[in-house]
>>> print(open('input_33.cif').read())   # mmCIF, C-alpha atoms
data_final
#
loop_
_atom_site.group_PDB
_atom_site.id
_atom_site.type_symbol
_atom_site.label_atom_id
_atom_site.label_comp_id
_atom_site.auth_asym_id
_atom_site.auth_seq_id
_atom_site.Cartn_x
_atom_site.Cartn_y
_atom_site.Cartn_z
ATOM 1 C CA MET A 16 -36.503 -25.420 -3.469
ATOM 2 C CA THR A 17 -37.809 -24.205 -6.768
ATOM 3 C CA PHE A 18 -35.860 -22.261 -9.354
ATOM 4 C CA ASP A 19 -38.883 -21.287 -11.430
ATOM 5 C CA GLN A 20 -39.241 -17.589 -12.136
ATOM 6 C CA THR A 21 -41.626 -15.738 -14.350
ATOM 7 C CA GLU A 22 -40.268 -13.452 -17.031
ATOM 8 C CA ASP A 23 -41.860 -10.529 -15.136
ATOM 9 C CA GLU A 24 -39.951 -11.444 -11.940
ATOM 10 C CA ILE A 25 -36.694 -11.697 -13.844
ATOM 11 C CA GLN A 26 -37.262 -8.400 -15.668
ATOM 12 C CA ALA A 27 -38.188 -6.497 -12.480
ATOM 13 C CA HIS A 28 -34.941 -7.586 -10.851
ATOM 14 C CA ILE A 29 -32.852 -6.872 -13.951
ATOM 15 C CA ASP A 30 -34.436 -3.430 -14.519
ATOM 16 C CA GLY A 31 -34.025 -2.480 -10.850
ATOM 17 C CA PRO A 32 -31.009 -3.251 -8.689
ATOM 18 C CA VAL A 33 -29.149 -5.202 -11.380
ATOM 19 C CA GLN A 34 -29.203 -2.263 -13.809
ATOM 20 C CA ALA A 35 -27.798 0.111 -11.182
ATOM 21 C CA ALA A 36 -25.025 -2.332 -10.195
ATOM 22 C CA TRP A 37 -24.215 -2.901 -13.848
ATOM 23 C CA GLU A 38 -24.001 0.843 -14.589
ATOM 24 C CA TRP A 39 -21.728 1.343 -11.563
ATOM 25 C CA LEU A 40 -19.404 -1.482 -12.639
ATOM 26 C CA GLN A 41 -19.208 -0.264 -16.236
ATOM 27 C CA ALA A 42 -18.477 3.287 -15.051
ATOM 28 C CA VAL A 43 -15.561 1.966 -12.998
ATOM 29 C CA VAL A 44 -14.132 -0.828 -15.157
ATOM 30 C CA ASP A 45 -14.961 0.208 -18.723
ATOM 31 C CA ASP A 46 -15.192 3.995 -18.599
ATOM 32 C CA ARG A 47 -13.002 4.891 -15.599
ATOM 33 C CA ASP A 48 -15.715 7.458 -14.838
ATOM 34 C CA PHE A 49 -15.591 8.308 -11.142
ATOM 35 C CA GLU A 50 -18.396 10.885 -11.272
ATOM 36 C CA THR A 51 -20.934 8.406 -12.657
ATOM 37 C CA ALA A 52 -19.908 5.705 -10.194
ATOM 38 C CA TRP A 53 -20.040 8.176 -7.289
ATOM 39 C CA ALA A 54 -23.570 9.232 -8.278
ATOM 40 C CA LEU A 55 -24.590 5.551 -8.157
ATOM 41 C CA THR A 56 -23.079 5.090 -4.678
ATOM 42 C CA ALA A 57 -25.297 5.220 -1.594
ATOM 43 C CA PRO A 58 -24.609 8.061 0.859
ATOM 44 C CA GLU A 59 -23.499 5.727 3.668
ATOM 45 C CA LEU A 60 -20.846 4.171 1.427
ATOM 46 C CA GLN A 61 -19.787 7.596 0.142
ATOM 47 C CA ARG A 62 -19.315 8.760 3.725
ATOM 48 C CA ALA A 63 -17.345 5.666 4.726
ATOM 49 C CA ARG A 64 -15.070 5.808 1.666
ATOM 50 C CA ALA A 65 -14.430 9.563 2.011
ATOM 51 C CA ARG A 66 -13.653 9.282 5.742
ATOM 52 C CA ALA A 67 -11.337 6.295 5.239
ATOM 53 C CA TRP A 68 -9.395 8.074 2.511
ATOM 54 C CA LEU A 69 -9.112 11.316 4.462
ATOM 55 C CA GLU A 70 -7.904 9.548 7.581
ATOM 56 C CA ARG A 71 -5.337 7.594 5.565
ATOM 57 C CA GLU A 72 -4.073 10.338 3.259
ATOM 58 C CA LEU A 73 -4.206 13.602 5.124
ATOM 59 C CA SER A 74 -2.091 14.703 8.024
ATOM 60 C CA PRO A 75 -3.841 14.572 11.402
ATOM 61 C CA ALA A 76 -6.763 16.944 11.380
ATOM 62 C CA SER A 77 -9.439 17.857 13.861
ATOM 63 C CA GLU A 78 -12.691 15.900 13.790
ATOM 64 C CA ALA A 79 -14.497 19.034 12.611
ATOM 65 C CA ASP A 80 -12.044 19.515 9.714
ATOM 66 C CA THR A 81 -12.344 15.858 8.733
ATOM 67 C CA GLU A 82 -16.144 15.974 8.862
ATOM 68 C CA ARG A 83 -16.206 19.160 6.779
ATOM 69 C CA ALA A 84 -13.958 17.530 4.149
ATOM 70 C CA VAL A 85 -16.130 14.373 4.156
ATOM 71 C CA GLU A 86 -19.225 16.486 3.481
ATOM 72 C CA GLN A 87 -17.438 18.415 0.722
ATOM 73 C CA LEU A 88 -16.361 15.171 -0.965
ATOM 74 C CA MET A 89 -19.879 13.762 -0.707
ATOM 75 C CA GLN A 90 -21.467 16.944 -2.072
ATOM 76 C CA GLU A 91 -18.828 17.318 -4.793
ATOM 77 C CA THR A 92 -17.802 20.723 -3.461
ATOM 78 C CA ALA A 93 -14.324 19.795 -2.191
ATOM 79 C CA PRO A 94 -11.605 22.163 -3.393
ATOM 80 C CA GLU A 95 -8.960 21.060 -5.854
ATOM 81 C CA PRO A 96 -6.698 19.169 -5.679
ATOM 82 C CA LEU A 97 -8.502 17.347 -2.841
ATOM 83 C CA ARG A 98 -11.434 16.258 -5.013
ATOM 84 C CA SER A 99 -9.337 15.009 -7.926
ATOM 85 C CA ARG A 100 -6.891 13.202 -5.607
ATOM 86 C CA PHE A 101 -9.785 11.454 -3.858
ATOM 87 C CA ALA A 102 -11.472 10.536 -7.152
ATOM 88 C CA ALA A 103 -8.252 9.108 -8.602
ATOM 89 C CA ALA A 104 -7.481 7.119 -5.454
ATOM 90 C CA GLU A 105 -10.993 5.671 -5.257
ATOM 91 C CA LEU A 106 -11.153 4.758 -8.912
ATOM 92 C CA ASN A 107 -7.696 3.157 -8.795
ATOM 93 C CA ALA A 108 -8.622 1.148 -5.699
ATOM 94 C CA TYR A 109 -11.736 -0.242 -7.362
ATOM 95 C CA VAL A 110 -10.020 -0.976 -10.666
ATOM 96 C CA GLU A 111 -7.138 -2.694 -8.885
ATOM 97 C CA SER A 112 -9.471 -4.821 -6.760
ATOM 98 C CA PHE A 113 -11.468 -5.995 -9.792
ATOM 99 C CA GLY A 114 -8.411 -6.957 -11.822
ATOM 100 C CA HIS A 115 -8.704 -7.388 -15.558
ATOM 101 C CA MET A 116 -12.426 -7.945 -15.767
ATOM 102 C CA ASP A 117 -14.160 -8.248 -19.127
ATOM 103 C CA THR A 118 -17.641 -6.841 -18.568
ATOM 104 C CA ASP A 119 -18.661 -8.054 -22.047
ATOM 105 C CA GLN A 120 -18.415 -11.592 -20.684
ATOM 106 C CA MET A 121 -20.509 -10.922 -17.588
ATOM 107 C CA GLY A 122 -24.111 -11.569 -16.776
ATOM 108 C CA ALA A 123 -26.419 -11.103 -13.817
ATOM 109 C CA GLY A 124 -28.022 -13.632 -11.549
ATOM 110 C CA SER A 125 -31.747 -13.316 -12.168
ATOM 111 C CA ARG A 126 -32.934 -14.505 -8.755
ATOM 112 C CA PRO A 127 -33.737 -11.579 -6.438
ATOM 113 C CA ARG A 128 -31.791 -11.891 -3.186
ATOM 114 C CA VAL A 129 -33.770 -9.686 -0.821
ATOM 115 C CA ILE A 130 -31.912 -9.169 2.447
ATOM 116 C CA GLY A 131 -34.069 -6.512 4.073
ATOM 117 C CA PRO A 132 -36.337 -3.582 3.399
ATOM 118 C CA ASP A 133 -35.079 -1.787 0.303
ATOM 119 C CA ALA A 134 -31.947 -3.964 0.150
ATOM 120 C CA GLU A 135 -30.941 -6.701 -2.282
ATOM 121 C CA LEU A 136 -27.821 -8.559 -3.218
ATOM 122 C CA VAL A 137 -26.936 -8.508 -6.897
ATOM 123 C CA VAL A 138 -24.557 -11.042 -8.410
ATOM 124 C CA LEU A 139 -22.691 -10.144 -11.591
ATOM 125 C CA ALA A 140 -20.775 -13.179 -12.804
ATOM 126 C CA GLN A 141 -18.124 -13.895 -15.405
ATOM 127 C CA LEU A 142 -20.094 -16.522 -17.354
ATOM 128 C CA GLY A 143 -19.989 -15.543 -21.010
ATOM 129 C CA GLN A 144 -22.750 -13.988 -23.042
ATOM 130 C CA GLU A 145 -25.161 -16.871 -23.504
ATOM 131 C CA ARG A 146 -27.978 -17.401 -21.016
ATOM 132 C CA LYS A 147 -27.368 -20.138 -18.454
ATOM 133 C CA VAL A 148 -29.862 -21.837 -16.180
ATOM 134 C CA PHE A 149 -28.584 -23.408 -12.974
ATOM 135 C CA THR A 150 -30.966 -25.886 -11.371
ATOM 136 C CA GLU A 151 -28.849 -26.475 -8.280
ATOM 137 C CA PRO A 152 -26.336 -24.449 -6.267
ATOM 138 C CA THR A 153 -23.358 -23.674 -8.511
ATOM 139 C CA LEU A 154 -20.058 -21.976 -7.737
ATOM 140 C CA VAL A 155 -19.340 -19.107 -10.160
ATOM 141 C CA SER A 156 -16.728 -16.358 -10.269
ATOM 142 C CA GLY A 157 -18.295 -12.962 -9.888
ATOM 143 C CA LEU A 158 -18.969 -9.868 -7.841
ATOM 144 C CA THR A 159 -21.661 -9.374 -5.252
ATOM 145 C CA PHE A 160 -23.136 -5.932 -4.679
ATOM 146 C CA LEU A 161 -25.328 -4.845 -1.808
ATOM 147 C CA MET A 162 -27.894 -2.505 -3.304
ATOM 148 C CA HIS A 163 -30.087 -0.054 -1.380
ATOM 149 C CA LEU A 164 -33.211 1.616 -2.669
ATOM 150 C CA VAL A 165 -32.698 5.283 -1.701
ATOM 151 C CA HIS A 166 -35.356 7.836 -2.653
ATOM 152 C CA GLY A 167 -36.601 5.593 -5.465
ATOM 153 C CA ARG A 168 -33.138 4.849 -6.918
ATOM 154 C CA TRP A 169 -31.094 1.679 -6.513
ATOM 155 C CA LEU A 170 -27.562 2.561 -5.362
ATOM 156 C CA VAL A 171 -24.446 0.510 -4.672
ATOM 157 C CA ALA A 172 -24.115 0.285 -0.933
ATOM 158 C CA ASP A 173 -21.289 -2.150 -0.325
ATOM 159 C CA PRO A 174 -19.369 -3.583 -3.280
ATOM 160 C CA ASP A 175 -17.764 -6.940 -2.637
ATOM 161 C CA TYR A 176 -14.079 -6.160 -3.168
ATOM 162 C CA ARG A 177 -11.956 -8.989 -4.504
ATOM 163 C CA ARG A 178 -8.577 -8.824 -2.799
#
>>> encode(input="input_33.cif", output="structure tokens")
Amino acid sequence: MTFDQTEDEIQAHIDGPVQAAWEWLQAVVDDRDFETAWALTAPELQRARARAWLERELSPASEADTERAVEQLMQETAPEPLRSRFAAAELNAYVESFGHMDTDQMGAGSRPRVIGPDAELVVLAQLGQERKVFTEPTLVSGLTFLMHLVHGRWLVADPDYRR
């Protein structure tokens, strides 16, 4: 197995899925900005998160009512206080699962991890600020994000929650 990469290969990965994962993580951890994170979340994950929250938090509702509320949350047209309650719950869940993470001490794995058409894994690791080169498999503490390319934009599809 070779670990050689050209600078162009590294930069393409960093400028693509890594940048989107990084922006999502900073929106959540550093800025506590739900709207930015939500805009960087793939529709299938938005749908799953909205449905899970609605089923957990709201009294029993018909399937049609639940689906309507899911669509409103996804399209950012849900009435208040539903939208703000959902946003606060989601943001708190992410922040709680990531713990006290210092994004200033994180870096990205440069090796593309293609897992399918328009899908890559991105690893953001707590390694400090200096560049590190691993020449053999190495265990590091970090987060793994499944990224999907949707309409030309890389979006977070399935964050790896630390529980």
>>> closest_residue(input="input_33.cif", among="A:Glu59, A:Ala79, A:Leu170, A:Ala36", to="Leu158 (chain A)", atoms="only C-alpha atoms")
A:Ala36
>>> closest_residue(input="input_33.cif", among="A:Asp45, A:Glu78, A:Glu135, A:Glu50", to="Gly114 (chain A)", atoms="only C-alpha atoms")
A:Asp45
>>> residues_around(input="input_33.cif", residues="Asp48 (chain A)", least_positions_apart="3", cutoff="12 Å", atoms="only C-alpha atoms", output="list in words")
Glu38, Trp39, Leu40, Gln41, Ala42, Val43, Val44, Asp45, Thr51, Ala52, Trp53, Ala54, Leu55, Ala102, Ala103, Glu105, Leu106, Asn107, Tyr109 and Val110 of chain A
>>> resolve_selection(input="input_33.cif", expression="the PyMOL selection byres ((chain A and resi 88) around 12)", output="short mmCIF file (atom, residue, chain, number, x, y, z; two decimals) with C-alpha atoms, in the coordinates of the input")
data_model
loop_
_atom_site.label_atom_id
_atom_site.label_comp_id
_atom_site.auth_asym_id
_atom_site.auth_seq_id
_atom_site.Cartn_x
_atom_site.Cartn_y
_atom_site.Cartn_z
CA GLU A 50 -18.40 10.88 -11.27
CA TRP A 53 -20.04 8.18 -7.29
CA ALA A 54 -23.57 9.23 -8.28
CA PRO A 58 -24.61 8.06 0.86
CA GLN A 61 -19.79 7.60 0.14
CA ARG A 62 -19.32 8.76 3.72
CA ALA A 63 -17.34 5.67 4.73
CA ARG A 64 -15.07 5.81 1.67
CA ALA A 65 -14.43 9.56 2.01
CA ARG A 66 -13.65 9.28 5.74
CA ALA A 67 -11.34 6.30 5.24
CA TRP A 68 -9.40 8.07 2.51
CA LEU A 69 -9.11 11.32 4.46
CA THR A 81 -12.34 15.86 8.73
CA GLU A 82 -16.14 15.97 8.86
CA ARG A 83 -16.21 19.16 6.78
CA ALA A 84 -13.96 17.53 4.15
CA VAL A 85 -16.13 14.37 4.16
CA GLU A 86 -19.23 16.49 3.48
CA GLN A 87 -17.44 18.42 0.72
CA MET A 89 -19.88 13.76 -0.71
CA GLN A 90 -21.47 16.94 -2.07
CA GLU A 91 -18.83 17.32 -4.79
CA THR A 92 -17.80 20.72 -3.46
CA ALA A 93 -14.32 19.80 -2.19
CA PRO A 94 -11.60 22.16 -3.39
CA GLU A 95 -8.96 21.06 -5.85
CA PRO A 96 -6.70 19.17 -5.68
CA LEU A 97 -8.50 17.35 -2.84
CA ARG A 98 -11.43 16.26 -5.01
CA SER A 99 -9.34 15.01 -7.93
CA ARG A 100 -6.89 13.20 -5.61
CA PHE A 101 -9.78 11.45 -3.86
CA ALA A 102 -11.47 10.54 -7.15
CA GLU A 105 -10.99 5.67 -5.26
#
>>> resolve_selection(input="input_33.cif", expression="the PyMOL selection byres ((chain A and resi 141) around 7)", output="list in words")
Gln120, Met121, Gly122, Ala140, Leu142, Gly143, Ser156 and Gly157 of chain A
>>> write_last_selection(input="input_33.cif", atoms="C-alpha atoms", output="PDB file, in the coordinates of the input")
ATOM      1  CA  GLN A 120     -18.415 -11.592 -20.684  1.00  0.00           C
ATOM      2  CA  MET A 121     -20.509 -10.922 -17.588  1.00  0.00           C
ATOM      3  CA  GLY A 122     -24.111 -11.569 -16.776  1.00  0.00           C
ATOM      4  CA  ALA A 140     -20.775 -13.179 -12.804  1.00  0.00           C
ATOM      5  CA  LEU A 142     -20.094 -16.522 -17.354  1.00  0.00           C
ATOM      6  CA  GLY A 143     -19.989 -15.543 -21.010  1.00  0.00           C
ATOM      7  CA  SER A 156     -16.728 -16.358 -10.269  1.00  0.00           C
ATOM      8  CA  GLY A 157     -18.295 -12.962  -9.888  1.00  0.00           C
TER       9      GLY A 157
END
>>> residues_around(input="input_33.cif", residues="Gly31 (chain A)", least_positions_apart="5", cutoff="10 Å", atoms="only C-alpha atoms", output="PDB file with C-alpha atoms, keeping the file's coordinate frame")
ATOM      1  CA  GLN A  26     -37.262  -8.400 -15.668  1.00  0.00           C
ATOM      2  CA  ALA A  36     -25.025  -2.332 -10.195  1.00  0.00           C
ATOM      3  CA  MET A 162     -27.894  -2.505  -3.304  1.00  0.00           C
ATOM      4  CA  LEU A 164     -33.211   1.616  -2.669  1.00  0.00           C
ATOM      5  CA  ARG A 168     -33.138   4.849  -6.918  1.00  0.00           C
ATOM      6  CA  TRP A 169     -31.094   1.679  -6.513  1.00  0.00           C
ATOM      7  CA  LEU A 170     -27.562   2.561  -5.362  1.00  0.00           C
TER       8      LEU A 170
END
>>> atom_distance(input="input_33.cif", atom1="CA of Leu154 (chain A)", atom2="CA of Ala123 (chain A)")
14.0 Å
